[in-house]
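Enquirer: Okay, so here is target-v3.csv, and as you'll see once you scroll down, it has CSV, C-alpha atoms.
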```
chain,number,residue,atom,x,y,z
A,3,MET,CA,89.8,287.6,16.4
A,4,GLN,CA,90.8,291.2,16.3
A,5,ILE,CA,87.1,292.2,15.8
A,6,PHE,CA,86.2,290.2,18.9
A,7,TYR,CA,88.8,292.1,21.0
A,8,LEU,CA,87.5,295.5,19.7
A,9,ALA,CA,83.9,294.5,20.4
A,10,LEU,CA,85.0,293.5,23.9
A,11,ALA,CA,86.7,296.9,24.4
A,12,SER,CA,83.5,298.6,23.3
A,13,PHE,CA,81.5,296.6,25.8
A,14,LEU,CA,83.9,297.6,28.6
A,15,ILE,CA,83.5,301.3,27.6
A,16,LEU,CA,79.7,300.8,28.2
A,17,ASN,CA,80.5,299.6,31.7
A,18,ILE,CA,82.3,302.8,32.3
A,19,LEU,CA,79.1,304.7,31.4
A,20,ALA,CA,77.3,302.6,34.0
A,21,GLY,CA,79.8,303.6,36.6
A,22,LEU,CA,79.3,307.2,35.7
A,23,TRP,CA,75.8,307.0,37.1
A,24,ARG,CA,77.2,306.0,40.5
A,25,VAL,CA,79.6,308.9,40.5
A,26,ILE,CA,76.7,311.3,39.9
A,27,GLN,CA,74.2,309.6,42.2
A,28,GLY,CA,76.6,308.3,44.9
A,29,PRO,CA,75.4,309.4,48.3
A,30,THR,CA,78.7,308.9,50.0
A,31,PRO,CA,82.4,309.5,49.1
A,32,ALA,CA,82.9,305.7,49.4
A,33,ASP,CA,80.4,305.1,46.6
A,34,ARG,CA,82.2,307.6,44.5
A,35,MET,CA,85.6,305.9,45.2
A,36,VAL,CA,84.2,302.5,44.3
A,37,SER,CA,83.0,303.9,41.0
A,38,ALA,CA,86.4,305.4,40.4
A,39,GLN,CA,87.9,302.0,41.0
A,40,LEU,CA,85.5,300.6,38.4
A,41,PHE,CA,86.8,303.2,36.0
A,42,GLY,CA,90.4,302.3,36.7
A,43,THR,CA,89.8,298.5,36.5
A,44,THR,CA,87.8,298.8,33.3
A,45,GLY,CA,90.4,301.1,31.9
A,46,VAL,CA,93.1,298.5,32.6
A,47,ALA,CA,91.0,295.8,31.1
A,48,ILE,CA,90.4,297.9,28.0
A,49,LEU,CA,94.2,298.5,27.7
A,50,LEU,CA,94.9,294.8,28.0
A,51,VAL,CA,92.3,293.9,25.4
A,52,LEU,CA,93.7,296.5,23.0
A,53,ALA,CA,97.2,295.3,23.7
A,54,GLN,CA,96.2,291.8,22.6
A,55,ALA,CA,94.2,293.0,19.6
A,56,LEU,CA,96.9,295.3,18.3
A,57,GLU,CA,99.7,293.0,19.3
A,58,ALA,CA,101.4,295.9,21.2
A,59,PRO,CA,103.1,294.7,24.4
A,60,TYR,CA,104.0,298.2,25.4
A,61,ILE,CA,100.3,298.9,26.1
A,62,ARG,CA,100.5,296.1,28.7
A,63,ASN,CA,103.1,298.1,30.5
A,64,ALA,CA,100.8,301.1,30.6
A,65,ALA,CA,98.0,298.9,32.0
A,66,LEU,CA,100.3,297.7,34.8
A,67,LEU,CA,101.2,301.3,35.6
A,68,PHE,CA,97.6,302.3,35.8
A,69,ALA,CA,96.9,299.3,38.1
A,70,LEU,CA,99.6,300.4,40.5
A,71,LEU,CA,98.3,304.0,40.5
A,72,MET,CA,94.8,302.7,41.4
A,73,ILE,CA,96.2,300.9,44.4
A,74,MET,CA,97.9,304.2,45.6
A,75,ALA,CA,94.6,306.1,45.1
A,76,VAL,CA,92.7,303.6,47.2
A,77,LEU,CA,95.3,303.6,49.9
A,78,SER,CA,95.2,307.4,50.1
A,79,PHE,CA,91.4,307.4,50.2
A,80,VAL,CA,91.3,304.9,53.0
A,81,ARG,CA,94.0,306.7,55.0
A,82,LYS,CA,92.1,310.0,54.6
A,83,THR,CA,88.7,308.7,55.5
A,84,ALA,CA,89.5,306.2,58.2
A,85,PRO,CA,88.6,307.2,61.7
A,86,GLN,CA,91.6,308.4,63.7
A,87,GLN,CA,92.7,306.0,66.5
A,88,SER,CA,93.8,307.4,69.8
A,89,GLN,CA,97.6,307.2,70.5
A,90,THR,CA,97.2,306.9,74.3
A,91,GLY,CA,96.8,303.1,74.2
A,92,ASP,CA,93.6,303.1,76.3
A,93,GLU,CA,91.5,300.8,74.3
A,94,LYS,CA,88.2,299.4,75.7
```
Write the structure described by the file as structure tokens, please.
Expert:
Amino acid sequence: MQIFYLALASFLILNILAGLWRVIQGPTPADRMVSAQLFGTTGVAILLVLAQALEAPYIRNAALLFALLMIMAVLSFVRKTAPQQSQTGDEK
């Protein structure tokens, strides 16, 4: 079963390479952010698979930490790129 987990982790690494193409070719910053999310999600998946394969529960804690950091990265990106709303209250 350990060989299956390691093969799955290798497949996930190939997915990261596919996301690298979007980072290079992404026409907008949003495309690049989505590919960064792919890197993070795939990285968390790799850590979880390796934690199961190596029977190391502390790796799951690292995966959880990375997942929380990804949420913070997306929130900062959205806050930075979202159009500013007027504070006057005159909405039409």
Enquirer: Please report the interatomic distance between atom CA of Leu8 of chain A and atom CA of Leu71 of chain A in Å with one decimal.
Expert: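 We find that atom CA of Leu8 of chain A and atom CA of Leu71 of chain A lie 24.9 Å from each other.
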Enquirer: Near Thr44 of chain A, within 8 Å and counting only C-alpha atoms, which residues show up once chain neighbours fewer than 4 positions away are dropped, as an MDAnalysis selection string?
Expert: chainID A and resid 14:15 17:18 40 48
Enquirer: I'd like the interatomic distance between atom CA of Gln39 of chain A and atom CA of Met72 of chain A, to a tenth of an Å.
Expert: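 That distance, rounded to one decimal, is 6.9 Å.
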Enquirer: Extract, using only C-alpha atoms, all DNA, RNA and protein residues at most 12 Å from Leu67 of chain A, discarding same-chain residues fewer than 6 positions from it, and format them as a list of chain:residue names.
Expert: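 My list of contacting residues is A:Gly42, A:Thr43, A:Gly45, A:Val46, A:Leu49, A:Leu50, A:Tyr60, A:Ile61, A:Ile73, A:Met74.
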Enquirer: Measure the distance from atom CA of Leu10 of chain A to atom CA of Leu52 of chain A in Å and round it to one decimal.
Expert: 9.2 Å
Enquirer: Between A:Leu19, A:Ala53, A:Arg24, A:Ala47, which has the minimum distance to Phe68 of chain A (counting only C-alpha atoms)?
Expert: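 Distance minimum relative to Phe68 of chain A lands on A:Ala47.
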Enquirer: Looking at only C-alpha atoms, which of A:Leu77, A:Met3, A:Val25, A:Ala38 is the one that sits closest to Ala55 of chain A?
Expert: A:Met3
Enquirer: For a quick check of understanding, using all atoms listed in the file, which of A:Ala58, A:Leu70, A:Pro85, A:Val51 has the smallest distance to Ile5 of chain A?
Expert: A:Val51
Enquirer: Quick one: residues within 12 Å of Ala32 of chain A, all atoms listed in the file counted, chain neighbours fewer than 2 positions away excluded, as a PyMOL selection string?
Expert: chain A and resi 24-25+27-30+34-39+76+79-80+82-84
Enquirer: Since the input has fewer atoms than a full residue there, write segment 19-43 of chain A out with N, CA and C atoms, as a PDB file, in the coordinates of the input.
Expert:
```
ATOM      1  N   LEU A  19      80.305 303.794  31.406  1.00  0.00           N
ATOM      2  CA  LEU A  19      79.100 304.700  31.400  1.00  0.00           C
ATOM      3  C   LEU A  19      78.192 304.286  32.574  1.00  0.00           C
ATOM      4  N   ALA A  20      78.076 302.998  32.868  1.00  0.00           N
ATOM      5  CA  ALA A  20      77.300 302.600  34.000  1.00  0.00           C
ATOM      6  C   ALA A  20      77.856 303.064  35.318  1.00  0.00           C
ATOM      7  N   GLY A  21      79.168 303.065  35.421  1.00  0.00           N
ATOM      8  CA  GLY A  21      79.800 303.600  36.600  1.00  0.00           C
ATOM      9  C   GLY A  21      79.674 305.076  36.776  1.00  0.00           C
ATOM     10  N   LEU A  22      79.528 305.768  35.668  1.00  0.00           N
ATOM     11  CA  LEU A  22      79.300 307.200  35.700  1.00  0.00           C
ATOM     12  C   LEU A  22      78.051 307.562  36.465  1.00  0.00           C
ATOM     13  N   TRP A  23      77.045 306.734  36.342  1.00  0.00           N
ATOM     14  CA  TRP A  23      75.800 307.000  37.100  1.00  0.00           C
ATOM     15  C   TRP A  23      76.052 306.945  38.581  1.00  0.00           C
ATOM     16  N   ARG A  24      76.906 306.040  39.057  1.00  0.00           N
ATOM     17  CA  ARG A  24      77.200 306.000  40.500  1.00  0.00           C
ATOM     18  C   ARG A  24      77.995 307.182  40.940  1.00  0.00           C
ATOM     19  N   VAL A  25      78.839 307.711  40.088  1.00  0.00           N
ATOM     20  CA  VAL A  25      79.600 308.900  40.500  1.00  0.00           C
ATOM     21  C   VAL A  25      78.606 310.074  40.670  1.00  0.00           C
ATOM     22  N   ILE A  26      77.637 310.183  39.794  1.00  0.00           N
ATOM     23  CA  ILE A  26      76.700 311.300  39.900  1.00  0.00           C
ATOM     24  C   ILE A  26      75.709 311.066  41.047  1.00  0.00           C
ATOM     25  N   GLN A  27      75.208 309.849  41.227  1.00  0.00           N
ATOM     26  CA  GLN A  27      74.200 309.600  42.200  1.00  0.00           C
ATOM     27  C   GLN A  27      74.736 309.073  43.550  1.00  0.00           C
ATOM     28  N   GLY A  28      76.036 308.823  43.637  1.00  0.00           N
ATOM     29  CA  GLY A  28      76.600 308.300  44.900  1.00  0.00           C
ATOM     30  C   GLY A  28      76.364 309.112  46.073  1.00  0.00           C
ATOM     31  N   PRO A  29      75.683 308.570  47.090  1.00  0.00           N
ATOM     32  CA  PRO A  29      75.400 309.400  48.300  1.00  0.00           C
ATOM     33  C   PRO A  29      76.604 309.626  49.164  1.00  0.00           C
ATOM     34  N   THR A  30      77.587 308.759  49.104  1.00  0.00           N
ATOM     35  CA  THR A  30      78.700 308.900  50.000  1.00  0.00           C
ATOM     36  C   THR A  30      80.031 308.962  49.184  1.00  0.00           C
ATOM     37  N   PRO A  31      81.075 309.498  49.778  1.00  0.00           N
ATOM     38  CA  PRO A  31      82.400 309.500  49.100  1.00  0.00           C
ATOM     39  C   PRO A  31      82.874 308.072  48.800  1.00  0.00           C
ATOM     40  N   ALA A  32      82.515 307.111  49.659  1.00  0.00           N
ATOM     41  CA  ALA A  32      82.900 305.700  49.400  1.00  0.00           C
ATOM     42  C   ALA A  32      82.318 305.184  48.136  1.00  0.00           C
ATOM     43  N   ASP A  33      81.049 305.521  47.884  1.00  0.00           N
ATOM     44  CA  ASP A  33      80.400 305.100  46.600  1.00  0.00           C
ATOM     45  C   ASP A  33      81.128 305.682  45.431  1.00  0.00           C
ATOM     46  N   ARG A  34      81.521 306.913  45.556  1.00  0.00           N
ATOM     47  CA  ARG A  34      82.200 307.600  44.500  1.00  0.00           C
ATOM     48  C   ARG A  34      83.618 306.936  44.246  1.00  0.00           C
ATOM     49  N   MET A  35      84.257 306.542  45.337  1.00  0.00           N
ATOM     50  CA  MET A  35      85.600 305.900  45.200  1.00  0.00           C
ATOM     51  C   MET A  35      85.453 304.540  44.564  1.00  0.00           C
ATOM     52  N   VAL A  36      84.392 303.806  44.907  1.00  0.00           N
ATOM     53  CA  VAL A  36      84.200 302.500  44.300  1.00  0.00           C
ATOM     54  C   VAL A  36      83.971 302.653  42.784  1.00  0.00           C
ATOM     55  N   SER A  37      83.228 303.673  42.388  1.00  0.00           N
ATOM     56  CA  SER A  37      83.000 303.900  41.000  1.00  0.00           C
ATOM     57  C   SER A  37      84.314 304.323  40.275  1.00  0.00           C
ATOM     58  N   ALA A  38      85.136 305.073  40.975  1.00  0.00           N
ATOM     59  CA  ALA A  38      86.400 305.400  40.400  1.00  0.00           C
ATOM     60  C   ALA A  38      87.304 304.193  40.243  1.00  0.00           C
ATOM     61  N   GLN A  39      87.200 303.261  41.169  1.00  0.00           N
ATOM     62  CA  GLN A  39      87.900 302.000  41.000  1.00  0.00           C
ATOM     63  C   GLN A  39      87.381 301.212  39.829  1.00  0.00           C
ATOM     64  N   LEU A  40      86.058 301.282  39.610  1.00  0.00           N
ATOM     65  CA  LEU A  40      85.500 300.600  38.400  1.00  0.00           C
ATOM     66  C   LEU A  40      86.065 301.251  37.159  1.00  0.00           C
ATOM     67  N   PHE A  41      86.185 302.579  37.133  1.00  0.00           N
ATOM     68  CA  PHE A  41      86.800 303.200  36.000  1.00  0.00           C
ATOM     69  C   PHE A  41      88.209 302.737  35.748  1.00  0.00           C
ATOM     70  N   GLY A  42      88.969 302.676  36.824  1.00  0.00           N
ATOM     71  CA  GLY A  42      90.400 302.300  36.700  1.00  0.00           C
ATOM     72  C   GLY A  42      90.500 300.810  36.270  1.00  0.00           C
ATOM     73  N   THR A  43      89.706 299.933  36.885  1.00  0.00           N
ATOM     74  CA  THR A  43      89.800 298.500  36.500  1.00  0.00           C
ATOM     75  C   THR A  43      89.336 298.286  35.107  1.00  0.00           C
TER      76      THR A  43
END
```
